[in-house]
Structure formats: C-alpha cells, structure tokens
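Asker: Here you go, this is input-v8.cif (mmCIF, C-alpha atoms and all ligand atoms).
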data_model
#
loop_
_atom_site.label_atom_id
_atom_site.label_comp_id
_atom_site.auth_asym_id
_atom_site.auth_seq_id
_atom_site.Cartn_x
_atom_site.Cartn_y
_atom_site.Cartn_z
CA MET A 26 0.00 0.00 0.00
CA SER A 27 1.59 3.24 -1.08
CA ILE A 28 1.60 6.45 0.87
CA GLU A 29 2.34 9.99 -0.19
CA ARG A 30 5.51 10.90 1.66
CA LEU A 31 5.17 14.66 2.07
CA TYR A 32 8.75 15.10 3.25
CA TYR A 33 9.99 13.71 -0.10
CA THR A 34 9.12 16.96 -1.85
CA ASP A 35 9.00 19.40 1.06
CA ALA A 36 11.03 18.73 4.21
CA TYR A 37 9.59 21.87 5.82
CA VAL A 38 6.02 20.53 6.21
CA ARG A 39 5.44 20.66 9.98
CA THR A 40 1.66 20.07 10.07
CA PHE A 41 -0.57 18.26 7.62
CA ASP A 42 -4.02 16.69 7.34
CA ALA A 43 -4.30 13.04 6.35
CA ARG A 44 -6.91 10.29 6.19
CA VAL A 45 -6.59 7.34 8.57
CA VAL A 46 -6.52 4.24 6.34
CA THR A 47 -6.12 1.63 9.09
CA CYS A 48 -5.62 1.63 12.84
CA ALA A 49 -4.98 -1.64 14.70
CA PRO A 50 -3.79 -2.43 18.23
CA VAL A 51 -0.20 -3.65 18.30
CA ALA A 52 -0.07 -7.27 19.52
CA GLY A 53 1.48 -7.74 22.95
CA SER A 54 1.08 -4.16 24.12
CA SER A 55 -1.58 -4.68 26.78
CA ASP A 56 0.09 -2.56 29.51
CA ASP A 57 0.32 0.72 27.69
CA ALA A 58 -1.74 0.61 24.55
CA ARG A 59 0.03 0.87 21.20
CA TYR A 60 -1.73 1.27 17.87
CA ALA A 61 -0.34 0.88 14.36
CA VAL A 62 -1.68 3.59 12.08
CA ARG A 63 -1.42 3.91 8.31
CA LEU A 64 -2.32 7.16 6.57
CA ASP A 65 -2.90 8.14 2.94
CA SER A 66 -0.16 10.76 3.30
CA SER A 67 2.35 11.69 5.98
CA ALA A 68 5.15 14.12 6.76
CA PHE A 69 6.51 11.79 9.48
CA TYR A 70 9.93 10.46 8.56
CA PRO A 71 10.38 6.71 9.25
CA THR A 72 13.73 5.41 10.55
CA SER A 73 15.87 4.69 7.48
CA GLY A 74 19.15 5.54 5.82
CA GLY A 75 20.86 6.28 9.15
CA GLN A 76 18.30 8.95 10.14
CA PRO A 77 15.95 8.32 13.12
CA PHE A 78 12.16 8.68 12.91
CA ASP A 79 10.16 11.82 13.66
CA THR A 80 8.05 12.22 16.78
CA GLY A 81 5.00 14.45 17.26
CA THR A 82 1.22 14.02 17.34
CA LEU A 83 -1.51 12.56 15.14
CA GLY A 84 -4.79 14.07 16.29
CA PRO A 85 -5.00 13.29 20.04
CA ALA A 86 -2.32 10.56 19.84
CA HIS A 87 1.43 10.82 20.41
CA VAL A 88 3.67 9.32 17.73
CA LEU A 89 6.11 6.90 19.45
CA ASP A 90 7.76 5.31 16.41
CA VAL A 91 7.59 5.50 12.63
CA ILE A 92 8.48 2.42 10.61
CA ASP A 93 9.46 2.15 6.94
CA ASP A 94 7.60 -1.01 5.88
CA ALA A 95 8.97 -3.43 3.31
CA ASP A 96 5.87 -2.94 1.12
CA GLY A 97 6.55 0.78 0.69
CA ALA A 98 4.06 1.86 3.35
CA VAL A 99 4.78 3.77 6.55
CA THR A 100 3.45 2.63 9.93
CA HIS A 101 2.98 5.17 12.72
CA ILE A 102 3.03 3.66 16.22
CA VAL A 103 0.80 5.81 18.45
CA ASP A 104 -0.53 5.71 22.03
CA ALA A 105 -4.26 6.17 21.34
CA PRO A 106 -6.69 4.67 18.81
CA LEU A 107 -7.71 6.69 15.73
CA GLU A 108 -10.87 6.01 13.71
CA SER A 109 -10.38 4.67 10.20
CA GLY A 110 -11.69 6.95 7.46
CA THR A 111 -11.43 10.11 9.56
CA THR A 112 -9.08 12.98 8.86
CA VAL A 113 -6.45 13.79 11.48
CA THR A 114 -3.93 16.59 11.79
CA GLY A 115 -0.33 15.51 12.10
CA THR A 116 2.21 17.75 13.81
CA ILE A 117 5.94 17.05 13.64
CA ASP A 118 8.21 17.72 16.65
CA TRP A 119 10.09 20.37 14.73
CA THR A 120 13.03 20.80 17.12
CA ARG A 121 13.92 17.12 16.73
CA ARG A 122 13.28 17.05 12.97
CA PHE A 123 15.21 20.24 12.18
CA ASP A 124 18.15 18.92 14.20
CA HIS A 125 18.07 15.77 12.05
CA MET A 126 17.92 17.91 8.88
CA GLN A 127 20.97 19.89 9.98
CA GLN A 128 23.00 16.79 10.87
CA HIS A 129 21.91 14.89 7.76
CA THR A 130 22.59 17.66 5.25
CA GLY A 131 25.86 18.43 7.03
CA GLN A 132 26.80 14.79 6.55
CA HIS A 133 26.26 15.08 2.77
CA VAL A 134 28.54 18.12 2.63
CA LEU A 135 31.24 16.68 4.92
CA SER A 136 31.25 13.33 3.10
CA ALA A 137 31.48 15.12 -0.26
CA ALA A 138 34.42 17.19 1.05
CA PHE A 139 36.39 14.05 2.08
CA ASP A 140 35.49 12.55 -1.28
CA ALA A 141 36.54 15.59 -3.31
CA LEU A 142 39.76 16.37 -1.41
CA PHE A 143 41.10 12.92 -0.54
CA ASP A 144 39.08 10.46 -2.64
CA ASN A 145 38.00 9.05 0.74
CA ARG A 146 34.50 7.68 0.39
CA THR A 147 31.86 7.39 3.09
CA GLU A 148 30.86 3.78 3.76
CA SER A 149 28.13 4.46 6.32
CA PHE A 150 26.43 7.18 8.34
CA HIS A 151 24.99 7.13 11.85
CA LEU A 152 22.78 9.86 13.29
CA GLY A 153 22.37 9.34 17.05
CA ALA A 154 20.78 11.39 19.80
CA ASP A 155 24.23 12.45 21.06
CA THR A 156 26.68 11.74 18.27
CA CYS A 157 26.78 11.61 14.50
CA SER A 158 29.48 9.74 12.65
CA ILE A 159 30.60 8.70 9.20
CA ASP A 160 32.80 5.71 8.50
CA LEU A 161 35.41 6.52 5.85
CA ALA A 162 37.13 3.92 3.66
CA LYS A 163 40.63 5.27 4.39
CA GLU A 164 42.48 6.48 7.45
CA VAL A 165 42.62 10.21 8.07
CA THR A 166 45.19 12.57 9.52
CA ALA A 167 44.54 15.71 11.58
CA HIS A 168 45.49 17.64 8.46
CA ASP A 169 42.84 15.81 6.36
CA ILE A 170 40.20 16.56 9.00
CA ALA A 171 41.05 20.26 9.12
CA ALA A 172 41.06 20.58 5.33
CA ALA A 173 37.75 18.71 4.90
CA VAL A 174 36.07 20.75 7.66
CA ASP A 175 37.32 23.98 6.03
CA GLU A 176 35.99 22.91 2.66
CA ALA A 177 32.64 21.76 4.09
CA ASN A 178 32.09 25.02 5.95
CA ARG A 179 33.02 27.05 2.86
CA VAL A 180 30.11 25.29 1.11
CA VAL A 181 27.84 25.87 4.14
CA TRP A 182 28.59 29.58 4.24
CA GLU A 183 28.11 30.00 0.49
CA ASP A 184 24.47 29.09 1.25
CA ARG A 185 24.11 26.82 -1.75
CA LEU A 186 20.78 25.37 -2.89
CA VAL A 187 19.90 21.84 -1.82
CA THR A 188 17.43 20.35 -4.29
CA VAL A 189 15.57 17.07 -4.72
CA ARG A 190 14.58 15.34 -7.96
CA PHE A 191 13.41 11.90 -8.99
CA VAL A 192 15.10 9.98 -11.82
CA SER A 193 14.87 6.55 -13.44
CA PRO A 194 17.67 4.04 -12.79
CA GLU A 195 18.77 4.45 -16.45
CA GLU A 196 19.06 8.21 -16.02
CA ALA A 197 20.89 7.76 -12.69
CA ALA A 198 23.43 5.43 -14.33
CA GLY A 199 24.70 8.34 -16.42
CA LEU A 200 25.00 10.75 -13.49
CA PRO A 201 28.08 11.36 -11.29
CA LEU A 202 26.55 10.05 -8.03
CA ARG A 203 28.94 10.09 -5.04
CA LYS A 204 27.85 6.56 -4.10
CA GLU A 205 26.15 3.80 -6.08
CA PRO A 206 22.46 3.69 -5.10
CA ALA A 207 21.49 0.80 -2.84
CA ARG A 208 17.88 0.46 -3.97
CA GLU A 209 16.20 -0.35 -7.25
CA GLY A 210 13.49 1.51 -9.14
CA PRO A 211 13.10 5.30 -9.38
CA LEU A 212 15.69 7.20 -7.35
CA ARG A 213 15.40 10.31 -5.22
CA LEU A 214 18.48 12.43 -5.81
CA VAL A 215 19.63 15.13 -3.42
CA GLN A 216 21.92 17.74 -4.91
CA VAL A 217 24.05 20.34 -3.15
CA ALA A 218 24.60 22.80 -5.98
CA ASP A 219 27.92 22.23 -7.75
CA PHE A 220 29.20 20.07 -4.89
CA ASP A 221 27.35 16.82 -4.21
CA LEU A 222 24.86 14.50 -5.88
CA SER A 223 23.61 11.46 -3.92
CA ALA A 224 20.65 9.15 -3.89
CA CYS A 225 18.97 9.66 -0.52
CA GLY A 226 15.51 9.34 1.03
CA GLY A 227 16.21 11.56 4.03
CA THR A 228 15.21 15.09 5.04
CA HIS A 229 17.51 18.01 4.24
CA VAL A 230 17.63 21.76 4.70
CA ALA A 231 16.74 23.80 1.59
CA ARG A 232 20.03 25.73 1.49
CA THR A 233 23.40 24.79 2.98
CA GLY A 234 23.30 27.92 5.17
CA GLY A 235 20.66 26.09 7.24
CA ILE A 236 23.34 23.64 8.39
CA GLY A 237 24.91 26.54 10.29
CA ILE A 238 28.33 25.07 10.92
CA ILE A 239 30.05 21.67 10.71
CA VAL A 240 32.70 20.58 13.23
CA VAL A 241 34.53 17.32 13.85
CA SER A 242 34.55 16.37 17.54
CA GLY A 243 36.77 13.28 17.25
CA TRP A 244 38.02 10.49 15.04
CA GLU A 245 39.54 7.03 15.38
CA ARG A 246 40.79 4.16 13.26
CA PHE A 247 37.94 1.85 12.35
CA ARG A 248 37.91 -1.33 10.22
CA GLY A 249 40.89 -0.34 8.12
CA GLY A 250 39.48 3.16 7.60
CA SER A 251 38.29 5.73 10.09
CA ARG A 252 35.24 6.76 12.07
CA VAL A 253 34.73 10.51 12.19
CA GLN A 254 32.37 12.06 14.75
CA PHE A 255 30.87 15.37 13.73
CA LEU A 256 28.26 17.91 14.84
CA CYS A 257 26.26 20.44 12.88
CA GLY A 258 24.25 23.58 13.62
CA GLY A 259 22.42 23.63 16.97
CA ARG A 260 24.42 20.68 18.30
CA VAL A 261 27.63 22.68 17.88
CA ARG A 262 26.16 25.46 20.01
CA GLN A 263 25.07 23.00 22.70
CA ARG A 264 28.43 21.22 22.71
CA PHE A 265 30.23 24.55 22.87
CA ASP A 266 28.25 25.50 25.99
CA LEU A 267 28.97 22.11 27.58
CA TRP A 268 32.69 22.30 26.84
CA ARG A 269 32.85 25.97 27.85
CA ASP A 270 31.40 25.20 31.29
CA ALA A 271 33.68 22.18 31.77
CA LEU A 272 36.70 24.14 30.59
CA GLN A 273 35.93 27.21 32.66
CA SER A 274 35.54 25.27 35.91
CA THR A 275 38.74 23.33 35.18
CA MET A 276 40.62 26.52 34.33
CA LYS A 277 39.41 28.11 37.57
CA HIS A 278 40.92 25.20 39.54
CA LEU A 279 44.23 25.35 37.71
CA SER A 280 44.47 29.08 36.90
CA VAL A 281 45.69 28.47 33.36
CA ALA A 282 44.55 29.26 29.82
CA PRO A 283 42.88 26.43 27.80
CA GLN A 284 45.97 25.76 25.69
CA GLU A 285 48.03 25.34 28.90
CA LEU A 286 45.64 22.81 30.48
CA ALA A 287 47.31 19.61 29.26
CA GLY A 288 50.73 20.78 30.44
CA ALA A 289 49.31 21.88 33.80
CA ILE A 290 47.64 18.51 34.37
CA GLU A 291 50.82 16.67 33.37
CA ARG A 292 52.76 18.79 35.87
CA LEU A 293 50.20 18.08 38.59
CA GLN A 294 50.39 14.35 37.94
CA GLY A 295 54.19 14.49 38.21
CA GLU A 296 54.00 16.42 41.47
CA ASN A 297 51.40 14.01 42.76
CA LYS A 298 53.63 11.02 42.02
CA GLN A 299 56.54 12.71 43.78
CA ALA A 300 54.39 13.54 46.80
CA ALA A 301 53.17 9.94 46.99
CA ARG A 302 56.77 8.71 46.90
CA ALA A 303 57.80 11.15 49.64
CA LEU A 304 54.80 10.13 51.75
CA ARG A 305 55.71 6.46 51.38
CA THR A 306 59.29 7.13 52.49
CA ALA A 307 58.05 9.15 55.49
CA GLN A 308 55.57 6.41 56.42
CA GLU A 309 58.32 3.78 56.29
CA ARG A 310 60.57 5.89 58.55
CA LEU A 311 57.72 6.60 60.94
CA ALA A 312 56.81 2.91 60.95
CA VAL A 313 60.30 2.07 62.25
CA VAL A 314 59.84 4.43 65.21
CA ASP A 315 56.21 3.41 65.91
CA ALA A 316 57.09 -0.29 65.60
CA GLN A 317 59.89 0.15 68.14
CA ALA A 318 57.33 1.53 70.62
CA LEU A 319 54.89 -1.32 69.89
CA VAL A 320 57.58 -3.93 70.48
CA GLU A 321 58.74 -2.30 73.72
CA ARG A 322 55.30 -2.42 75.31
CA ALA A 323 54.36 -5.89 74.01
CA PRO A 324 54.13 -8.76 76.56
CA LEU A 325 56.42 -11.77 76.44
CA ALA A 326 54.78 -15.11 75.64
CA GLY A 327 57.32 -17.82 76.33
CA ASP A 328 60.31 -17.25 74.02
CA ARG A 329 58.69 -14.53 71.92
CA ARG A 330 57.26 -11.06 72.16
CA VAL A 331 53.68 -10.96 70.81
CA VAL A 332 52.62 -7.60 69.35
CA VAL A 333 48.86 -7.35 68.75
CA GLU A 334 47.30 -3.93 68.17
CA SER A 335 44.48 -2.09 66.37
CA ILE A 336 45.92 0.89 64.52
CA ALA A 337 43.68 3.92 63.99
CA ASP A 338 43.46 5.40 60.46
CA ALA A 339 45.71 2.71 59.00
CA ASP A 340 45.33 1.34 55.47
CA ALA A 341 46.87 -1.93 54.28
CA SER A 342 50.18 -0.32 53.28
CA ILE A 343 50.65 1.36 56.69
CA LEU A 344 49.76 -1.87 58.51
CA LYS A 345 52.22 -3.75 56.33
CA ALA A 346 55.05 -1.23 56.87
CA LEU A 347 54.44 -1.26 60.65
CA ALA A 348 54.23 -5.06 60.85
CA ALA A 349 57.38 -5.51 58.76
CA ALA A 350 59.25 -2.99 60.93
CA ALA A 351 58.10 -4.72 64.14
CA ALA A 352 59.06 -8.15 62.77
CA SER A 353 62.57 -6.89 62.05
CA HIS A 354 63.16 -7.17 65.81
CA ALA A 355 64.44 -10.56 67.00
CA GLY A 356 61.85 -12.77 68.71
CA VAL A 357 58.80 -10.81 67.56
CA ALA A 358 55.48 -12.12 66.19
CA VAL A 359 53.04 -9.39 65.22
CA ALA A 360 49.38 -9.02 64.18
CA LEU A 361 48.04 -5.57 63.35
CA PHE A 362 44.39 -4.74 62.63
CA SER A 363 42.68 -1.71 61.21
CA ALA A 364 40.55 -0.08 63.93
CA VAL A 365 37.16 -0.16 62.15
CA PRO A 366 35.41 -3.40 61.05
CA PRO A 367 35.34 -5.04 58.60
CA SER A 368 38.99 -5.26 59.57
CA LEU A 369 42.22 -5.57 57.68
CA VAL A 370 44.93 -7.68 59.28
CA VAL A 371 48.66 -8.04 58.64
CA VAL A 372 50.59 -10.83 60.39
CA ALA A 373 54.40 -11.02 60.38
CA ARG A 374 57.18 -12.66 62.36
CA HIS A 375 60.94 -12.49 62.73
CA SER A 376 62.90 -15.34 61.07
CA ASP A 377 63.77 -16.79 64.51
CA VAL A 378 60.08 -17.31 65.43
CA THR A 379 58.40 -20.55 64.35
CA VAL A 380 54.81 -19.17 63.90
CA ASP A 381 53.37 -19.45 60.35
CA ALA A 382 51.89 -16.02 59.52
CA GLY A 383 49.92 -17.44 56.56
CA ALA A 384 48.34 -20.08 58.79
CA VAL A 385 47.43 -17.45 61.41
CA VAL A 386 45.63 -15.31 58.79
CA LYS A 387 43.83 -18.42 57.47
CA ALA A 388 42.72 -19.29 61.02
CA LEU A 389 41.48 -15.72 61.64
CA VAL A 390 39.58 -15.70 58.34
CA GLY A 391 38.12 -19.13 59.18
CA ARG A 392 36.70 -17.69 62.37
CA PHE A 393 35.84 -14.07 61.45
CA GLY A 394 35.15 -14.28 57.68
CA GLY A 395 36.74 -12.25 54.91
CA LYS A 396 39.67 -13.56 52.92
CA GLY A 397 43.44 -13.56 52.97
CA GLY A 398 46.66 -15.52 53.08
CA GLY A 399 50.38 -15.22 52.49
CA LYS A 400 53.78 -16.63 53.33
CA PRO A 401 55.06 -17.99 56.67
CA ASP A 402 56.86 -14.69 57.44
CA LEU A 403 54.23 -12.20 56.16
CA ALA A 404 50.52 -12.55 55.41
CA GLN A 405 47.49 -10.31 55.19
CA GLY A 406 43.72 -10.49 55.14
CA GLY A 407 40.66 -8.26 54.89
CA GLY A 408 36.93 -8.20 55.47
CA LEU A 409 37.11 -9.73 58.94
CA THR A 410 33.99 -9.04 60.98
CA GLY A 411 33.75 -9.16 64.77
CA SER A 412 34.76 -6.78 67.53
CA THR A 413 38.36 -5.59 67.58
CA GLU A 414 38.66 -7.06 71.11
CA ASP A 415 37.68 -10.54 69.84
CA LEU A 416 40.01 -10.22 66.86
CA ARG A 417 42.95 -9.20 69.05
CA ALA A 418 42.29 -11.97 71.61
CA ALA A 419 42.18 -14.60 68.88
CA ALA A 420 45.40 -13.28 67.29
CA ARG A 421 47.19 -13.19 70.66
CA GLU A 422 46.27 -16.81 71.28
CA LEU A 423 47.33 -17.93 67.77
CA LEU A 424 50.69 -16.09 67.90
CA ALA A 425 51.58 -17.48 71.34
CA ARG A 426 51.21 -21.12 70.21
ZN ZN B 1 20.49 12.59 2.73
#
Before we go any further, please render this structure as structure tokens.
Answerer:
Amino acid sequence: MSIERLYYTDAYVRTFDARVVTCAPVAGSSDDARYAVRLDSSAFYPTSGGQPFDTGTLGPAHVLDVIDDADGAVTHIVDAPLESGTTVTGTIDWTRRFDHMQQHTGQHVLSAAFDALFDNRTESFHLGADTCSIDLAKEVTAHDIAAAVDEANRVVWEDRLVTVRFVSPEEAAGLPLRKEPAREGPLRLVQVADFDLSACGGTHVARTGGIGIIVVSGWERFRGGSRVQFLCGGRVRQRFDLWRDALQSTMKHLSVAPQELAGAIERLQGENKQAARALRTAQERLAVVDAQALVERAPLAGDRRVVVESIADADASILKALAAAAASHAGVAVALFSAVPPSLVVVARHSDVTVDAGAVVKALVGRFGGKGGGKPDLAQGGGLTGSTEDLRAAARELLAR
C-alpha cells in the first residue's frame, strides 16, 4: 500500500491533514496501549538511511515510532486509537526534525568534502541522539580533518541550494553520483549545488546555510578506515556551551589558559607522584619508630614477644610497613588490625620465630570471615567481621602457640 511521503518533496512541512486508512492495536502491548496507524499521506519520517524517525502528534495521539515497511508503506506507532476513514492533523516535533535535517545535510557536505579532497568515500552514516558519525574507507590525519572541515564550511557559508529530484535508474546510471544507489526503481536524488549528488531518502535543509556550521569532535581508526564524529548547527552550540562550562571550571581550579591545560595537568600528575613517593618514604621511617614503641610495650609469651594492636586510620600499606618494621626485631610475632570493622589484618614474624603467619591469617579468616593468606613470614587479610577485642584476643592466642 503506497503512501504519499510529504517530506519527499518538502522537508519543511510541519503540520498536515491526512486520512486514517487503518488503525490496529499492536499485539502484545496490553500494559500501555500501542496502535499501528497507516495514513494516505504523511510528513513523518520513518527510521531509514541512518536517520531516526520523527516524533510528534496525530490528532489526540502521540507518535512513538515511525516504521518504513517493506511494502513501501509507513506505519505510525501511536498511544491512542484513531478512527479509520477520519481525517487527522499531524504535527511534527520540529526541534527534533530540524536537528536531524541539519545533521543529515551536514553529513552530505562533509562526506562530499572528504570525497573531493582525498578520494576518501563514506561507507556508512549514523545519526544518534548524542553523536553523528561517518565511516570513511581510508584512514585520516589531523590535516585531512582540518582541510575537509574547512571545505565543508566554505560550502555551508556559500548558502548553496539543496534540491531534490526523482530519476529513473537508467538516467541515474549516467550521473556522477557520489555513491552507487542501494535500492532499485526510481531514485530520489539530493543535490548540493555544484558540490554533491547522492541518492537519498532523508530530510535536508533547503540551502546549505541552514546547516549553520560543521565541526569534527573526534576520530579514530575503524575497520581499516576511520570513524569521524561530527556535529552540525544547533548541536555545535550546545556542545560549545557544555565544553565551555567544563573548561571554565577546570581553568578556575588550575588558573591556566585552555591551551596550557594539558601541560598543567601533566605537571600536577608528576607532582602528585613525587608527593606519593615522599609520603611512602616518610611512612616507612615513621613505621620504624612506631614499631619500636609497639615492640617495647608488648608482653612476652614464652620465648617470643607478641605484638597485637588495632591501629587507627591505617590502610593496608601502613599496617604492612608497621608489621614488617616490628618483625625486624628478634623474637617478635606481630598481628596488626585496622581499627574499624570489617577489619584488615597483617601478620608477620621475625625469622627466629616458628609461627606461620599465613596459617594465622587463614585461622582468623576461618573464624571471622573475609579472605586472605600469604607466606610464613608475612601474610594479610581483609573483610574480617567481629569486635576488635575478639580479633585481638584470637590473634594473641594464635601467635603465642
Ligand atoms: Zn540525505
């Protein structure tokens, strides 16, 4: 069943009247009702050719999806039933549609620029809610990108006519189309005056000036060629605002100009690494002093001195440094816990003590949960639950054995 596609000849139709040919509930949509509507004519664009569908209203119903059917018809999925044979007014969500027109026409111009300058053809096009991209057959350099964007914007700012015409396949065969047409039968050709000629079923602005501006936001190697992300018109303005706010707040923190940001961050990272190294050294030195104090006040248990403590504000590396420093003293077995459960534990012993640190951690984990293990001279665990008193008592008993 054929339908008159109003956007084929005029992409600027925002409202239209059409007759409801059929309206049927969509199977399996009992929760929120969905109806499939076919009209005798429509300005709603169905998802196809890389461009998403239009939204808007049909009479009292909201249009939730528009599908390009295999038989040449268009199905509108709506949220309320419409009566067959009646006339309804369709209204396109123009903000969404015009955005698609800007991105789509910009894609024609950008693709044609890569084609003209570098013989780099566009294999596919994606128009998403956040990003648009083209996949190019060849790899690109930063120089290629800059040159193609310059050329594309020159064509935008010359405000060239964008026209549509229909031709037979025979006629199309003799024309310099940028890409061989994918479909058979009569072809819809979209021409950017003296710049691009492609077969396309999408919606486009009437003059290139309507694209506003074309920018490339990023690119990467992709399947032997490249994927180029771009933005046109209103999306450039929105992205500029987003990046401006992000950049301004970052610049405020670092007190540098945008072009100095990368260097400033690199410097900060270097300083940060140095500070971390200095902190580690200081912690190790402090651990030697603190460990000395821990050993001195630890009770004797037979032939060994058993050091068992909860250390406030200690992470695993501090516990480890302290335990290792304590275990450097002859005759010492040590178990150190973090002060707040679930607890970390580090167990260590001097080489002259027969306790197996790994076995002690395993025994603690067996009783208090968590996980851990290690070697006979140094082991650690984490996630132990239970009061710090119970943990310390158990460790004292295990280390004294
Ligand atoms: Zn197009």
Asker: Check which residues of chain A sit at most 7 Å from ligand ZN 1 (chain B) using all atoms listed in the file, and return one row each with the closest pair of atoms and their distance in Å to one decimal, ordered by chain and rising number, as CSV.
Answerer:
residue,atom,partner,partner_atom,distance
A:His129,CA,B:ZN1,ZN,5.7
A:Thr130,CA,B:ZN1,ZN,6.0
A:His133,CA,B:ZN1,ZN,6.3
A:Val215,CA,B:ZN1,ZN,6.7
A:Cys225,CA,B:ZN1,ZN,4.6
A:Gly226,CA,B:ZN1,ZN,6.2
A:Gly227,CA,B:ZN1,ZN,4.6
A:Thr228,CA,B:ZN1,ZN,6.3
A:His229,CA,B:ZN1,ZN,6.4
Asker: Distance CA of Ala198 in chain A-CA of Thr233 in chain A, one decimal place?
Answerer: 26.0 Å
Asker: Quote the spacing between CA of Thr188 in chain A and CA of Thr34 in chain A in Å to one decimal place.
Answerer: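 These two atoms are separated by 9.3 Å.
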Asker: Of the candidates A:Ser149, A:Leu272, A:Leu424, A:Pro401, which one gets nearest to Gly327 in chain A if we count all atoms listed in the file?
Answerer: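 When distances to Gly327 in chain A are compared using all atoms listed in the file, the smallest one comes from A:Leu424.
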Asker: Quick one: everything within 12 Å of range 337-345 of chain A, counting all atoms listed in the file, minus sequence neighbours fewer than 5 positions away in the same chain. Send it as a ChimeraX atom specification.
Answerer: /A:304-313,315-316,350-352,359-366,368-374,402-408,413
Asker: Using all atoms listed in the file, pick whichever of A:Ser274, A:Gln76, A:Thr82, A:Ser251 has the shortest atom-to-atom distance to Asn145 in chain A.
Answerer: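 Checking each of A:Ser274, A:Gln76, A:Thr82, A:Ser251 against Asn145 in chain A, counting all atoms listed in the file, the winner is A:Ser251.
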Asker: When you look at Asp175 in chain A with a cut-off of 10 Å (counting only C-alpha atoms), what residues show up, excluding the ones that are within fewer than 6 positions of it in the same chain? I need them as a list in words.
Answerer: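 Surrounding residues, per the criterion: Leu135, Ala138, Asp169, Val181, Ile239 and Val240 of chain A.
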Asker: Closest to Arg269 in chain A among A:Glu296, A:Pro283, A:Gly53, A:Pro324, using all atoms listed in the file?
Answerer: A:Pro283
Asker: May I have the residues at most 10 Å from (23.8, 27.7, 12.1) in the file's coordinates, counting only C-alpha atoms, as a ChimeraX atom specification?
Answerer: /A:127,181-182,233-239,257-262
Asker: From the options A:Thr156, A:Ala323, A:Asp221, A:Val51, which residue's atoms come nearest to Asp124 in chain A, counting only C-alpha atoms?
Answerer: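 Checking each candidate against Asp124 in chain A, we get A:Thr156 as the closest.
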Asker: Could you give me, as a list in words, the residues within 7 Å of range 59-66 of chain A, counting only C-alpha atoms and dropping anything in the same chain fewer than 2 positions from it?
Answerer: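 Near neighbours after the sequence-gap exclusion: Ile28, Glu29, Arg30, Leu31, Ala43, Arg44, Val45, Val46, Thr47, Cys48, Ala49, Pro50, Val51, Ser54, Asp57, Val99, Thr100, His101, Ile102, Val103, Asp104, Ala105 and Pro106 of chain A.
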Asker: Give the answer as one residue: which of A:Pro211, A:Gly356, A:Gly110, A:Pro206 has the shortest atom-to-atom distance to Pro194 in chain A, using only C-alpha atoms?
Answerer: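 Between A:Pro211, A:Gly356, A:Gly110, A:Pro206, the residue approaching Pro194 in chain A most closely is A:Pro211.
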Asker: What gap, in Å, lies between CA of Leu293 in chain A and CA of Val281 in chain A?
Answerer: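 One can read the CA of Leu293 in chain A to CA of Val281 in chain A distance as 12.5 Å.
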Asker: Quick one: everything within 8 Å of range 244-247 of chain A, counting only C-alpha atoms, minus sequence neighbours fewer than 5 positions away in the same chain. Send it as number ranges by chain.
Answerer: A: 160, 164, 252-254
